[in-house]
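K.L.:
You'll find target-v8.cif just under this line, and it carries mmCIF, C-alpha atoms and all ligand atoms.
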data_coords
loop_
_atom_site.label_atom_id
_atom_site.label_comp_id
_atom_site.auth_asym_id
_atom_site.auth_seq_id
_atom_site.Cartn_x
_atom_site.Cartn_y
_atom_site.Cartn_z
CA MET G 6 1.60 -16.10 -30.86
CA GLY G 7 4.45 -17.79 -32.75
CA VAL G 8 2.81 -17.64 -36.19
CA SER G 9 4.96 -17.90 -39.33
CA LYS G 10 6.16 -14.99 -41.46
CA ASP G 11 3.91 -16.21 -44.29
CA ALA G 12 0.80 -15.96 -42.10
CA LEU G 13 1.83 -12.52 -40.83
CA ALA G 14 2.26 -11.36 -44.42
CA ILE G 15 -1.33 -12.43 -45.21
CA ILE G 16 -2.66 -10.49 -42.22
CA ARG G 17 -0.56 -7.40 -42.87
CA GLU G 18 -1.52 -7.08 -46.50
CA ASP G 19 -4.44 -4.67 -46.86
CA MET G 20 -4.57 -4.10 -43.13
CA ILE G 21 -6.84 -1.09 -43.45
CA ALA G 22 -8.77 -2.11 -46.55
CA ASP G 23 -12.29 -3.51 -46.21
CA THR G 24 -11.20 -6.51 -48.27
CA GLY G 25 -8.17 -7.37 -46.10
CA PHE G 26 -7.87 -10.44 -43.86
CA PHE G 27 -8.72 -8.70 -40.64
CA HIS G 28 -11.75 -6.69 -41.71
CA THR G 29 -13.27 -9.65 -43.48
CA PHE G 30 -12.58 -11.79 -40.39
CA ILE G 31 -14.53 -9.41 -38.15
CA LYS G 32 -17.37 -9.23 -40.69
CA ALA G 33 -17.48 -13.03 -41.01
CA THR G 34 -17.54 -13.81 -37.29
CA HIS G 35 -19.38 -10.80 -35.87
CA PRO G 36 -22.93 -12.07 -36.54
CA PHE G 37 -22.25 -15.13 -34.36
CA LEU G 38 -21.30 -12.97 -31.39
CA SER G 39 -24.05 -10.36 -31.76
CA SER G 40 -27.63 -10.74 -30.64
CA GLY G 41 -29.68 -13.67 -31.91
CA PRO G 42 -29.86 -17.45 -31.65
CA ALA G 43 -26.08 -18.02 -32.10
CA LEU G 44 -25.26 -15.72 -29.18
CA ASP G 45 -28.03 -17.24 -27.04
CA ARG G 46 -26.65 -20.73 -27.73
CA LEU G 47 -23.13 -19.63 -26.75
CA SER G 48 -24.33 -17.93 -23.58
CA GLY G 49 -26.72 -20.81 -22.81
CA ASP G 50 -23.95 -23.42 -23.12
CA ALA G 51 -21.63 -21.35 -20.93
CA MET G 52 -24.38 -20.99 -18.31
CA THR G 53 -25.03 -24.76 -18.33
CA VAL G 54 -21.39 -25.33 -17.32
CA LEU G 55 -21.42 -22.54 -14.70
CA THR G 56 -24.74 -23.69 -13.23
CA ALA G 57 -23.49 -27.29 -12.92
CA SER G 58 -20.47 -26.01 -11.02
CA LEU G 59 -22.65 -24.00 -8.64
CA ASP G 60 -24.86 -27.10 -8.16
CA ASN G 61 -21.74 -28.97 -7.07
CA ILE G 62 -20.98 -26.41 -4.38
CA VAL G 63 -24.56 -26.62 -3.08
CA ASP G 64 -24.32 -30.42 -2.96
CA ARG G 65 -21.09 -30.21 -0.97
CA GLY G 66 -22.67 -27.78 1.54
CA SER G 67 -20.31 -24.79 1.01
CA LYS G 68 -16.99 -23.88 -0.55
CA ARG G 69 -13.87 -22.08 0.62
CA ALA G 70 -11.91 -20.73 -2.33
CA ARG G 71 -9.32 -18.29 -3.59
CA MET G 72 -11.75 -16.02 -5.43
CA PHE G 73 -9.68 -15.18 -8.53
CA GLU G 74 -8.52 -18.78 -8.96
CA TRP G 75 -12.08 -20.04 -8.62
CA ILE G 76 -13.58 -17.55 -11.11
CA ARG G 77 -10.66 -18.04 -13.52
CA HIS G 78 -11.22 -21.80 -13.66
CA GLU G 79 -15.01 -21.57 -13.93
CA PHE G 80 -14.97 -18.96 -16.72
CA LEU G 81 -12.16 -20.65 -18.60
CA MET G 82 -14.09 -23.92 -18.68
CA ALA G 83 -17.53 -22.43 -19.37
CA THR G 84 -16.34 -20.08 -22.13
CA THR G 85 -14.10 -22.56 -23.94
CA ASP G 86 -16.67 -25.40 -23.64
CA SER G 87 -19.34 -23.19 -25.20
CA VAL G 88 -17.03 -22.06 -28.01
CA TYR G 89 -15.03 -25.22 -28.80
CA GLY G 90 -17.72 -27.80 -28.02
CA PRO G 91 -17.37 -31.38 -26.74
CA HIS G 92 -13.70 -31.69 -27.82
CA ASN G 93 -12.59 -28.49 -26.07
CA PRO G 94 -8.77 -28.83 -25.75
CA LEU G 95 -8.89 -26.86 -22.47
CA ARG G 96 -10.71 -29.77 -20.79
CA ASP G 97 -7.28 -31.42 -20.61
CA SER G 98 -5.85 -30.07 -17.33
CA ALA G 99 -2.33 -30.07 -18.84
CA ASN G 100 -3.58 -27.58 -21.45
CA GLU G 101 -5.30 -25.44 -18.80
CA GLU G 102 -2.00 -25.34 -16.92
CA ALA G 103 -0.13 -24.48 -20.14
CA TRP G 104 -2.48 -21.54 -20.70
CA HIS G 105 -1.85 -20.20 -17.17
CA ASN G 106 1.90 -20.54 -17.72
CA TYR G 107 1.85 -18.82 -21.11
CA HIS G 108 -0.81 -16.11 -20.64
CA PRO G 109 1.11 -13.79 -18.21
CA THR G 110 4.03 -13.53 -20.65
CA ILE G 111 1.98 -12.38 -23.65
CA MET G 112 2.68 -8.70 -22.97
CA PHE G 113 6.45 -9.31 -22.86
CA LEU G 114 6.43 -11.47 -25.98
CA MET G 115 4.43 -8.78 -27.81
CA LEU G 116 6.88 -6.05 -26.84
CA ASP G 117 9.75 -8.30 -27.95
CA LEU G 118 12.28 -6.45 -25.80
CA LEU G 119 13.85 -9.44 -24.06
CA PRO G 120 15.46 -12.50 -25.66
CA HIS G 121 13.02 -15.38 -26.10
CA TRP G 122 15.15 -17.76 -24.00
CA ALA G 123 13.97 -15.70 -20.99
CA PHE G 124 10.48 -17.13 -21.68
CA HIS G 125 11.54 -20.68 -22.47
CA SER G 126 8.91 -22.33 -20.27
CA ALA G 127 6.07 -20.03 -21.44
CA ILE G 128 6.95 -20.61 -25.10
CA LYS G 129 6.97 -24.36 -24.48
CA SER G 130 3.44 -24.04 -23.04
CA ARG G 131 2.37 -21.86 -25.98
CA ASN G 132 3.61 -24.50 -28.42
CA GLN G 133 1.88 -27.26 -26.44
CA LEU G 134 -1.43 -25.39 -26.71
CA ALA G 135 -0.92 -24.63 -30.41
CA LYS G 136 -0.29 -28.34 -30.99
CA ALA G 137 -3.48 -29.28 -29.11
CA PHE G 138 -5.44 -26.81 -31.26
CA GLN G 139 -3.78 -28.14 -34.43
CA ASN G 140 -5.09 -31.60 -33.56
CA TYR G 141 -8.52 -30.10 -32.83
CA HIS G 142 -8.38 -28.64 -36.34
CA ILE G 143 -6.97 -31.69 -38.15
CA ASN G 144 -9.60 -33.94 -36.56
CA ARG G 145 -12.30 -31.45 -37.63
CA GLN G 146 -13.57 -31.26 -34.06
CA TYR G 147 -14.60 -27.65 -34.65
CA THR G 148 -17.51 -29.03 -36.72
CA GLU G 149 -19.10 -29.99 -33.38
CA GLY G 150 -18.26 -26.62 -31.80
CA SER G 151 -20.15 -23.30 -31.82
CA ASP G 152 -21.28 -21.46 -34.96
CA TYR G 153 -18.63 -18.88 -34.04
CA ILE G 154 -15.66 -21.28 -34.06
CA ARG G 155 -16.88 -22.95 -37.26
CA ARG G 156 -17.03 -19.61 -39.05
CA TRP G 157 -13.69 -18.60 -37.47
CA THR G 158 -12.06 -21.74 -38.89
CA GLU G 159 -13.63 -21.38 -42.34
CA HIS G 160 -12.19 -17.87 -42.53
CA PHE G 161 -8.63 -18.97 -41.74
CA VAL G 162 -8.86 -21.88 -44.18
CA SER G 163 -10.25 -19.66 -46.95
CA TRP G 164 -7.22 -17.37 -46.59
CA ASP G 165 -4.82 -20.33 -46.98
CA ILE G 166 -3.45 -20.11 -43.45
CA SER G 167 -1.49 -23.30 -42.73
CA VAL G 168 -2.63 -25.87 -40.17
CA SER G 169 0.28 -25.11 -37.83
CA ASP G 170 -0.50 -21.37 -38.00
CA ILE G 171 -4.18 -22.03 -37.32
CA GLY G 172 -3.06 -23.79 -34.11
CA CYS G 173 -1.13 -20.64 -33.11
CA PHE G 174 -4.01 -18.32 -33.96
CA HIS G 175 -6.25 -20.30 -31.64
CA ASN G 176 -4.05 -18.99 -28.83
CA ALA G 177 -4.98 -15.46 -29.94
CA ALA G 178 -8.65 -16.45 -30.00
CA MET G 179 -8.28 -17.80 -26.45
CA PHE G 180 -6.82 -14.47 -25.35
CA ALA G 181 -9.80 -12.54 -26.78
CA LEU G 182 -12.24 -15.03 -25.22
CA VAL G 183 -11.04 -15.17 -21.63
CA ALA G 184 -8.27 -12.66 -20.83
CA ASN G 185 -10.69 -9.81 -20.02
CA THR G 186 -13.85 -11.71 -19.15
CA ILE G 187 -12.15 -13.35 -16.16
CA PRO G 188 -10.90 -10.21 -14.33
CA THR G 189 -14.18 -8.42 -15.16
CA ALA G 190 -16.16 -11.24 -13.52
CA PHE G 191 -13.80 -11.07 -10.53
CA TRP G 192 -14.37 -7.32 -10.00
CA MET G 193 -18.10 -7.73 -10.54
CA ILE G 194 -18.39 -10.35 -7.77
CA TYR G 195 -16.07 -8.26 -5.58
CA HIS G 196 -18.07 -5.02 -5.91
CA VAL G 197 -21.51 -6.64 -5.74
CA PHE G 198 -20.69 -8.57 -2.56
CA SER G 199 -18.32 -6.21 -0.74
CA ASP G 200 -21.01 -3.57 -0.19
CA PRO G 201 -24.04 -5.03 1.68
CA THR G 202 -26.48 -2.40 0.37
CA VAL G 203 -25.40 -3.13 -3.22
CA THR G 204 -25.73 -6.89 -2.54
CA GLU G 205 -29.23 -6.37 -1.16
CA ASP G 206 -30.41 -4.09 -3.98
CA CYS G 207 -28.97 -6.33 -6.70
CA ARG G 208 -30.50 -9.42 -5.09
CA LYS G 209 -33.95 -7.80 -4.98
CA GLU G 210 -33.61 -6.89 -8.66
CA VAL G 211 -32.50 -10.32 -9.89
CA LEU G 212 -35.22 -12.06 -7.85
CA LYS G 213 -37.73 -10.39 -10.19
CA ALA G 214 -36.23 -12.41 -13.06
CA VAL G 215 -37.04 -15.76 -11.38
CA SER G 216 -40.12 -17.87 -11.91
CA ILE G 217 -40.66 -21.13 -10.03
CA ASN G 218 -42.69 -24.06 -11.28
CA GLU G 219 -42.85 -27.78 -10.78
CA GLU G 220 -41.25 -30.17 -13.25
CA ASN G 221 -41.30 -33.94 -12.69
CA GLY G 222 -42.21 -33.43 -9.05
CA GLU G 223 -39.27 -31.05 -8.44
CA GLU G 224 -39.11 -27.29 -8.12
CA MET G 225 -37.48 -25.62 -11.14
CA CYS G 226 -36.30 -21.98 -10.95
CA THR G 227 -36.01 -20.27 -14.31
CA VAL G 228 -34.01 -17.05 -14.54
CA ARG G 229 -35.07 -14.84 -17.44
CA ALA G 230 -31.97 -13.45 -19.20
CA ARG G 231 -33.86 -10.52 -20.65
CA THR G 232 -34.95 -9.26 -17.22
CA ILE G 233 -31.37 -9.51 -15.93
CA LYS G 234 -30.03 -7.58 -18.91
CA GLU G 235 -32.70 -4.90 -19.00
CA HIS G 236 -34.44 -4.46 -15.67
CA CYS G 237 -31.79 -4.66 -12.98
CA PRO G 238 -30.55 -1.05 -12.72
CA THR G 239 -28.18 -1.46 -9.75
CA LEU G 240 -26.62 -4.64 -11.18
CA LEU G 241 -26.15 -3.02 -14.60
CA SER G 242 -24.79 0.20 -13.15
CA THR G 243 -22.29 -1.77 -11.02
CA PHE G 244 -21.19 -3.63 -14.17
CA GLN G 245 -20.59 -0.34 -16.02
CA GLU G 246 -18.79 1.17 -13.05
CA VAL G 247 -16.49 -1.90 -12.99
CA PHE G 248 -15.49 -0.98 -16.55
CA ARG G 249 -15.07 2.72 -15.75
CA PHE G 250 -13.10 2.12 -12.57
CA HIS G 251 -10.97 -0.89 -13.59
CA GLY G 252 -11.09 -0.67 -17.41
CA MET G 253 -7.64 0.02 -18.88
CA ALA G 254 -8.06 -0.78 -22.56
CA ASN G 255 -5.44 0.59 -24.91
CA SER G 256 -7.12 1.19 -28.26
CA VAL G 257 -4.40 0.97 -30.88
CA ARG G 258 -4.61 2.51 -34.36
CA ILE G 259 -2.23 3.02 -37.28
CA ALA G 260 -2.44 6.49 -38.84
CA SER G 261 -3.54 6.04 -42.45
CA GLU G 262 -2.52 9.62 -43.35
CA ASP G 263 -0.59 12.53 -41.84
CA HIS G 264 -2.77 14.39 -39.32
CA MET G 265 -2.17 17.52 -37.28
CA LEU G 266 -3.95 16.99 -33.95
CA GLU G 267 -5.33 20.16 -32.37
CA GLY G 268 -2.86 22.16 -34.46
CA LYS G 269 -0.11 20.91 -32.10
CA TYR G 270 0.87 17.30 -32.69
CA LEU G 271 1.81 15.87 -36.07
CA ILE G 272 0.78 12.23 -36.29
CA LYS G 273 2.66 10.85 -39.26
CA LYS G 274 1.15 8.31 -41.65
CA GLY G 275 2.07 4.78 -40.55
CA SER G 276 2.73 5.68 -36.92
CA ILE G 277 1.01 3.82 -34.11
CA VAL G 278 -1.43 5.74 -31.89
CA MET G 279 -2.35 4.27 -28.50
CA MET G 280 -5.34 5.63 -26.59
CA PRO G 281 -5.46 4.41 -22.98
CA ALA G 282 -9.04 4.33 -21.67
CA ARG G 283 -7.78 5.28 -18.21
CA VAL G 284 -7.50 8.88 -19.48
CA GLN G 285 -11.21 9.10 -20.26
CA HIS G 286 -12.30 6.94 -17.31
CA HIS G 287 -10.48 9.07 -14.76
CA SER G 288 -11.33 12.52 -16.09
CA LYS G 289 -12.72 14.77 -13.34
CA GLU G 290 -14.23 16.97 -16.01
CA VAL G 291 -16.45 14.10 -17.17
CA TRP G 292 -17.15 12.14 -13.98
CA GLY G 293 -16.92 14.78 -11.27
CA GLU G 294 -15.04 15.13 -8.00
CA ASP G 295 -15.67 11.52 -6.91
CA VAL G 296 -13.93 10.13 -10.01
CA GLU G 297 -11.52 8.05 -7.88
CA VAL G 298 -14.35 6.46 -5.85
CA PHE G 299 -16.14 3.29 -6.93
CA ASN G 300 -19.80 4.31 -7.06
CA ALA G 301 -21.99 1.32 -7.93
CA ARG G 302 -24.95 3.61 -8.70
CA ARG G 303 -23.07 6.07 -10.94
CA PHE G 304 -24.66 4.75 -14.15
CA MET G 305 -28.25 4.54 -12.92
CA ARG G 306 -30.45 6.53 -15.23
CA ASN G 307 -32.41 9.36 -13.67
CA PRO G 308 -34.83 11.59 -15.52
CA GLY G 309 -33.06 14.83 -16.45
CA LYS G 310 -29.56 13.34 -15.99
CA PRO G 311 -27.47 14.39 -19.02
CA ARG G 312 -26.33 11.60 -21.38
CA LEU G 313 -22.72 10.55 -21.46
CA HIS G 314 -20.42 11.91 -24.12
CA PRO G 315 -19.81 8.91 -26.45
CA VAL G 316 -16.03 8.90 -25.94
CA ALA G 317 -16.16 9.16 -22.14
CA PHE G 318 -16.67 5.42 -21.71
CA ARG G 319 -14.30 3.02 -23.47
CA GLY G 320 -14.80 -0.21 -21.55
CA PHE G 321 -14.99 -2.22 -24.76
CA GLY G 322 -12.97 0.22 -26.85
CA GLY G 323 -14.86 2.07 -29.54
CA GLY G 324 -15.34 3.09 -33.15
CA THR G 325 -14.83 0.57 -35.92
CA THR G 326 -12.94 -1.84 -33.66
CA LEU G 327 -15.46 -1.79 -30.82
CA CYS G 328 -15.20 -5.22 -29.17
CA PRO G 329 -17.42 -7.72 -31.03
CA GLY G 330 -17.39 -10.08 -28.01
CA ARG G 331 -19.02 -7.56 -25.67
CA HIS G 332 -22.51 -9.09 -25.78
CA PHE G 333 -21.21 -12.59 -25.01
CA ALA G 334 -18.97 -11.40 -22.16
CA THR G 335 -21.72 -9.17 -20.74
CA THR G 336 -24.33 -11.92 -20.78
CA GLU G 337 -22.00 -14.47 -19.21
CA ILE G 338 -20.83 -12.17 -16.41
CA LEU G 339 -24.27 -10.72 -15.57
CA LEU G 340 -25.97 -14.12 -15.50
CA PHE G 341 -23.20 -15.68 -13.43
CA THR G 342 -23.40 -12.81 -10.92
CA ALA G 343 -27.20 -13.15 -10.81
CA MET G 344 -26.95 -16.91 -10.16
CA VAL G 345 -24.43 -16.40 -7.35
CA LEU G 346 -26.65 -13.69 -5.81
CA LEU G 347 -29.69 -15.94 -5.94
CA ARG G 348 -28.01 -19.03 -4.52
CA PHE G 349 -25.15 -17.93 -2.25
CA ASP G 350 -23.81 -15.58 0.35
CA VAL G 351 -20.20 -14.75 -0.46
CA LEU G 352 -18.17 -14.05 2.66
CA PRO G 353 -14.63 -12.67 2.68
CA GLY G 354 -11.62 -14.07 4.53
CA GLY G 355 -12.98 -17.58 4.40
CA GLY G 356 -16.11 -16.51 6.31
CA GLU G 357 -14.75 -14.31 9.12
CA GLY G 358 -12.85 -11.45 7.51
CA LYS G 359 -13.37 -8.11 5.79
CA TRP G 360 -13.41 -7.29 2.09
CA ILE G 361 -10.11 -5.67 1.15
CA MET G 362 -9.76 -4.53 -2.45
CA PRO G 363 -6.53 -5.89 -3.96
CA ALA G 364 -4.08 -3.46 -5.57
CA THR G 365 -3.68 -3.66 -9.36
CA LYS G 366 -0.19 -2.25 -9.90
CA LYS G 367 1.14 -5.42 -11.55
CA SER G 368 -1.62 -5.52 -14.19
CA SER G 369 -0.51 -6.61 -17.66
CA GLN G 370 -0.96 -3.76 -20.13
CA ALA G 371 -1.96 -6.27 -22.79
CA GLU G 372 -5.35 -6.58 -21.13
CA ALA G 373 -8.34 -4.24 -21.13
CA MET G 374 -9.21 -4.84 -17.48
CA GLU G 375 -7.06 -4.41 -14.38
CA GLN G 376 -6.02 -7.64 -12.72
CA PRO G 377 -5.76 -8.08 -8.93
CA ASP G 378 -2.19 -8.27 -7.57
CA CYS G 379 -3.26 -10.81 -4.96
CA ASP G 380 -6.16 -13.19 -4.44
CA ILE G 381 -8.96 -13.05 -1.82
CA ASP G 382 -10.06 -15.94 0.37
CA ILE G 383 -13.82 -16.37 0.31
CA GLU G 384 -16.50 -18.75 1.49
CA LEU G 385 -19.58 -19.49 -0.60
CA ARG G 386 -22.53 -20.44 1.61
CA PRO G 387 -25.74 -21.69 -0.01
CA ARG G 388 -28.85 -19.59 0.70
CA PRO G 389 -32.35 -20.93 1.24
CA GLY G 390 -33.63 -22.19 -2.10
CA ALA G 391 -30.12 -22.89 -3.44
CA LYS G 392 -30.90 -26.62 -3.60
CA ARG G 393 -33.72 -26.20 -6.12
CA ASN G 394 -33.03 -26.84 -9.82
CA TRP G 395 -31.87 -23.70 -11.63
CA ARG G 396 -31.68 -22.78 -15.29
CA VAL G 397 -31.62 -19.71 -17.56
CA SER G 398 -34.20 -18.88 -20.21
CA PHE G 399 -33.01 -16.87 -23.21
CA GLU G 400 -36.45 -16.38 -24.69
CA GLY G 401 -36.48 -12.89 -26.25
CA ALA G 402 -33.12 -12.29 -24.57
CA GLY G 403 -32.30 -9.12 -26.54
CA GLU G 404 -29.12 -7.13 -26.03
CA ALA G 405 -27.84 -5.23 -23.06
CA ALA G 406 -26.63 -1.73 -23.92
CA PHE G 407 -23.37 -0.98 -22.23
CA VAL G 408 -21.01 1.03 -24.31
CA ALA G 409 -21.60 4.65 -25.07
CA GLU G 410 -22.09 3.70 -28.73
CA ASP G 411 -24.92 1.38 -27.72
CA LEU G 412 -26.80 3.88 -25.59
C1 LIG Z 501 -15.08 -8.31 -20.49
C2 LIG Z 501 -14.59 -8.86 -21.58
C3 LIG Z 501 -13.96 -8.10 -22.71
C4 LIG Z 501 -13.38 -6.87 -22.74
C5 LIG Z 501 -13.18 -5.89 -21.58
C6 LIG Z 501 -12.94 -6.63 -24.09
C7 LIG Z 501 -12.32 -5.47 -24.53
C8 LIG Z 501 -11.93 -5.22 -25.82
C9 LIG Z 501 -11.29 -4.01 -26.27
C10 LIG Z 501 -10.98 -2.83 -25.38
C11 LIG Z 501 -11.03 -4.14 -27.59
C12 LIG Z 501 -10.32 -3.13 -28.49
C13 LIG Z 501 -11.26 -2.10 -29.04
C14 LIG Z 501 -10.54 -0.97 -29.72
O1 LIG Z 501 -9.52 -1.17 -30.39
O2 LIG Z 501 -11.02 0.13 -29.59
C15 LIG Z 501 -11.51 -5.44 -27.99
C16 LIG Z 501 -11.42 -5.94 -29.26
C17 LIG Z 501 -11.78 -7.20 -29.61
N1 LIG Z 501 -12.41 -8.13 -28.82
FE1 LIG Z 501 -12.91 -7.90 -26.87
N2 LIG Z 501 -13.24 -7.72 -24.85
C18 LIG Z 501 -13.87 -8.65 -24.05
C19 LIG Z 501 -14.37 -9.88 -24.43
C20 LIG Z 501 -14.26 -10.41 -25.71
C21 LIG Z 501 -14.76 -11.70 -26.10
C22 LIG Z 501 -15.53 -12.67 -25.20
C23 LIG Z 501 -14.44 -11.85 -27.41
C24 LIG Z 501 -14.84 -13.08 -28.17
C25 LIG Z 501 -14.50 -13.44 -29.28
C26 LIG Z 501 -13.71 -10.65 -27.85
C27 LIG Z 501 -13.21 -10.44 -29.12
C28 LIG Z 501 -12.60 -9.28 -29.55
C29 LIG Z 501 -12.06 -9.07 -30.90
C30 LIG Z 501 -12.06 -10.09 -32.05
C31 LIG Z 501 -11.56 -7.76 -30.94
C32 LIG Z 501 -10.90 -7.05 -32.13
C33 LIG Z 501 -11.92 -6.18 -32.82
C34 LIG Z 501 -11.37 -5.37 -33.99
O3 LIG Z 501 -10.19 -5.00 -33.96
O4 LIG Z 501 -12.14 -5.09 -34.93
N3 LIG Z 501 -13.64 -9.81 -26.79
N4 LIG Z 501 -12.06 -6.09 -26.90
#
How does this structure look as C-alpha cells?
Ligand code: HEM
P.N.:
Amino acid sequence: MGVSKDALAIIREDMIADTGFFHTFIKATHPFLSSGPALDRLSGDAMTVLTASLDNIVDRGSKRARMFEWIRHEFLMATTDSVYGPHNPLRDSANEEAWHNYHPTIMFLMLDLLPHWAFHSAIKSRNQLAKAFQNYHINRQYTEGSDYIRRWTEHFVSWDISVSDIGCFHNAAMFALVANTIPTAFWMIYHVFSDPTVTEDCRKEVLKAVSINEENGEEMCTVRARTIKEHCPTLLSTFQEVFRFHGMANSVRIASEDHMLEGKYLIKKGSIVMMPARVQHHSKEVWGEDVEVFNARRFMRNPGKPRLHPVAFRGFGGGTTLCPGRHFATTEILLFTAMVLLRFDVLPGGGEGKWIMPATKKSSQAEAMEQPDCDIDIELRPRPGAKRNWRVSFEGAGEAAFVAEDL
C-alpha cells in the first residue's frame, strides 16, 4: 500500500499479541460491523444508494449493461458512500478510475517480485488515492462518515500513525470493503438469474418479505431485511454455494511455535502457512460426487441432513481471523439481489442470448472470490410493480448465519 517503514514497524510489533496494533484494531472496529444499529445504518445507507440506482433504470425504461462493470460501479459507490459518508473520495470519478487502475496490480505489488517501475501507472493511481484520503482525513470529513470509519480513524491516530500513512492505509480499507463483495455480487446475480427455476423459487421467497401500503397517495413497497436473511432458503443456499464454488480465500498464518503436522511436516516457528479454501471447497469426501457442479440447493437444510464439518466451508476464512465484514457484505448482496428479483428480469446477451459462465483462470490470488475473465452483456427489464416506491426495513434485522462457525 506504500506505507512507510515506521508505520510497518508499528504494525509488526506484537503481531500475535492481544495488545498489538492489529488485534486491537479488529477489537475496536468489529462491533461496528457486527449485528446492531451500526451495521443496520451501514447496510441501510448502502441500500439507499443501490435503490436510487435501480429507480433510475426503471425511469429510463430498461438498461443494457456489461454485468460486471455495472455491479462493480454500483457496489463501489454504495459501499464507499455508506462507509465514508457525504465526502466519500470515491465520488470523484478520477478517484474511481484510479482505484480500477491500481486494484488489479495489488497481488503483484504484494509479491514484490517485479521492479516497481513495471507498475508506474498503478503506483501513480495508488498515490493519487492515498492523497485524496489524506485530505479526507486532514479535513476531518470522517466525522460525518459511518461509526466504523470514525472508530477506524481513531485507532490509527491513537497508534501515532502519520497522516500520509493513514492515507495509504485507506487503500487497504478499500480493498477489504469492495474487492470481494463485488465479484460475490456478480456471481450471485449470475447464478440466481441463469437458472429459471432458481430465479422463480428465489422470487417467490423474497416476495414474502414485501409489504405494500399507501404513503402520501403513492404505493410504498417495504422489503423486510430479516425475512430476506432468515426465511429465503433457496436464496440463502445459492449465496452459500457461490462461496463454496467460487470462494478461493487463502487464509494466511505465521507459526508462533514449531509444530509437527500429522507427524510428517515440520512447520517451523516464524514460517508462513497458507491455507487455500479451494482445497476444502472442492473435496469430494465432504461434498460428494457432484462437487464440481454448481448446485443452488446444496445448502438447503433438510431434517436428518448431517451438519457440515466446521472447516469444510471457508468462504469468509475462519478461526480468530474470520472476516469481520461478513455481515455487512452478506446483507448488502442479499438485499441487492432481492431488489433486482422483485423489480427486474435480467436477460443475457443484451436480451436475446444465453447465459454462459465466464472462466476464472485469470483471477487474482489476492482476493477471496474468483473473478470473471470476461464480462457478460445483459439487459435489465422492469417487471410489473417496478415503478412503485421501494425501501428496506431493518427492524429486528438480526444476523444471517453463513459460515460454518455461525451455524
Ligand atoms: C463477500 C465479501 C467478503 C469476503 C469473501 C471476505 C473474505 C475474507 C477472508 C477470506 C478473510 C481472511 C480470513 C482468514 O484469514 O481466515 C477476511 C478477512 C478480513 N475481512 Fe473480509 N471479506 C469480505 C468482505 C469484507 C468487508 C465488507 C469488510 C469490511 C470492513 C472486510 C474486512 C475484513 C478484515 C478487516 C479482515 C481481517 C480480519 C483479521 O485478520 O482478523 N471483509 N475477509
K.L.:
What's around Ala127 in chain G at 12 Å? Count all atoms listed in the file, leave out sequence neighbours fewer than 6 positions away in its own chain, and write the answer as a ChimeraX atom specification.
P.N.:
/G:6-7,102-114,121,133-134
K.L.:
Could you give me, as a ChimeraX atom specification, every polymer residue with an atom at most 6 Å away from an atom of ligand LIG 501 (chain Z), counting all atoms listed in the file?
P.N.:
/G:31,181-182,185-186,189,254,256-257,320-323,326-331,333-334,373-374
K.L.:
Extract, using only C-alpha atoms, all DNA, RNA and protein residues at most 8 Å from Thr53 in chain G, discarding same-chain residues fewer than 3 positions from it, and format them as an mmCIF file with C-alpha atoms, in the frame of the given file.
P.N.:
data_model
loop_
_atom_site.group_PDB
_atom_site.id
_atom_site.type_symbol
_atom_site.label_atom_id
_atom_site.label_comp_id
_atom_site.auth_asym_id
_atom_site.auth_seq_id
_atom_site.Cartn_x
_atom_site.Cartn_y
_atom_site.Cartn_z
ATOM 1 C CA GLY G 49 -26.720 -20.810 -22.810
ATOM 2 C CA ASP G 50 -23.950 -23.420 -23.120
ATOM 3 C CA THR G 56 -24.740 -23.690 -13.230
ATOM 4 C CA ALA G 57 -23.490 -27.290 -12.920
ATOM 5 C CA ALA G 83 -17.530 -22.430 -19.370
ATOM 6 C CA ARG G 396 -31.680 -22.780 -15.290
#
K.L.:
So how many Å separate CA of Arg71 in chain G and CA of Gln245 in chain G, to one decimal?
P.N.:
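CA of Gln245 in chain G lies at a distance of 24.6 Å from CA of Arg71 in chain G.
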K.L.:
Which one is closest to Ala14 in chain G: G:Glu223, G:Glu357, G:Glu297, G:Asp165? Count all atoms listed in the file.
P.N.:
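So, comparing all the options, the nearest one is G:Asp165.
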K.L.:
How many Å lie between CA of Gln146 in chain G and CA of Ile76 in chain G, rounded to one decimal?
P.N.:
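One can read the CA of Gln146 in chain G to CA of Ile76 in chain G distance as 26.7 Å.
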K.L.:
Counting only C-alpha atoms, what is within 8 Å of Arg303 in chain G, bar same-chain residues fewer than 4 positions away, as JSON, numbers by chain?
P.N.:
{"G": [242, 243, 246]}
K.L.:
Any chance you can output those residues with C-alpha atoms as a CSV table (one decimal), in the frame of the given file?
P.N.:
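Output file again_21.csv follows:
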chain,number,residue,atom,x,y,z
G,242,SER,CA,-24.8,0.2,-13.2
G,243,THR,CA,-22.3,-1.8,-11.0
G,246,GLU,CA,-18.8,1.2,-13.0
K.L.:
Give the answer as one residue: which of G:Leu271, G:Val247, G:Ala99, G:Leu59 has the shortest atom-to-atom distance to Pro188 in chain G, using all atoms listed in the file?
P.N.:
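Comparing G:Leu271, G:Val247, G:Ala99, G:Leu59 against Pro188 in chain G, the winner is G:Val247.
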K.L.:
For CA of Phe250 in chain G and CA of Val183 in chain G, determine how far apart the two atoms are, in Å to one decimal place.
P.N.:
19.6 Å
K.L.:
So which one's closest to Trp192 in chain G, G:Ala51, G:Met362, G:Ala22, G:Leu346? Using only C-alpha atoms, please.
P.N.:
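Distance minimum relative to Trp192 in chain G lands on G:Met362.
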K.L.:
Looking at all atoms listed in the file, which of G:Val168, G:Leu340, G:Leu352, G:Val215 is the one that sits closest to Asn140 in chain G?
P.N.:
G:Val168
K.L.:
Extract, using all atoms listed in the file, all DNA, RNA and protein residues at most 12 Å from range 275-282 of chain G, discarding same-chain residues fewer than 5 positions from it, and format them as an NGL selection string.
P.N.:
:G and (20-21 or 248-264 or 266 or 270 or 287-288 or 316-323 or 370-375)
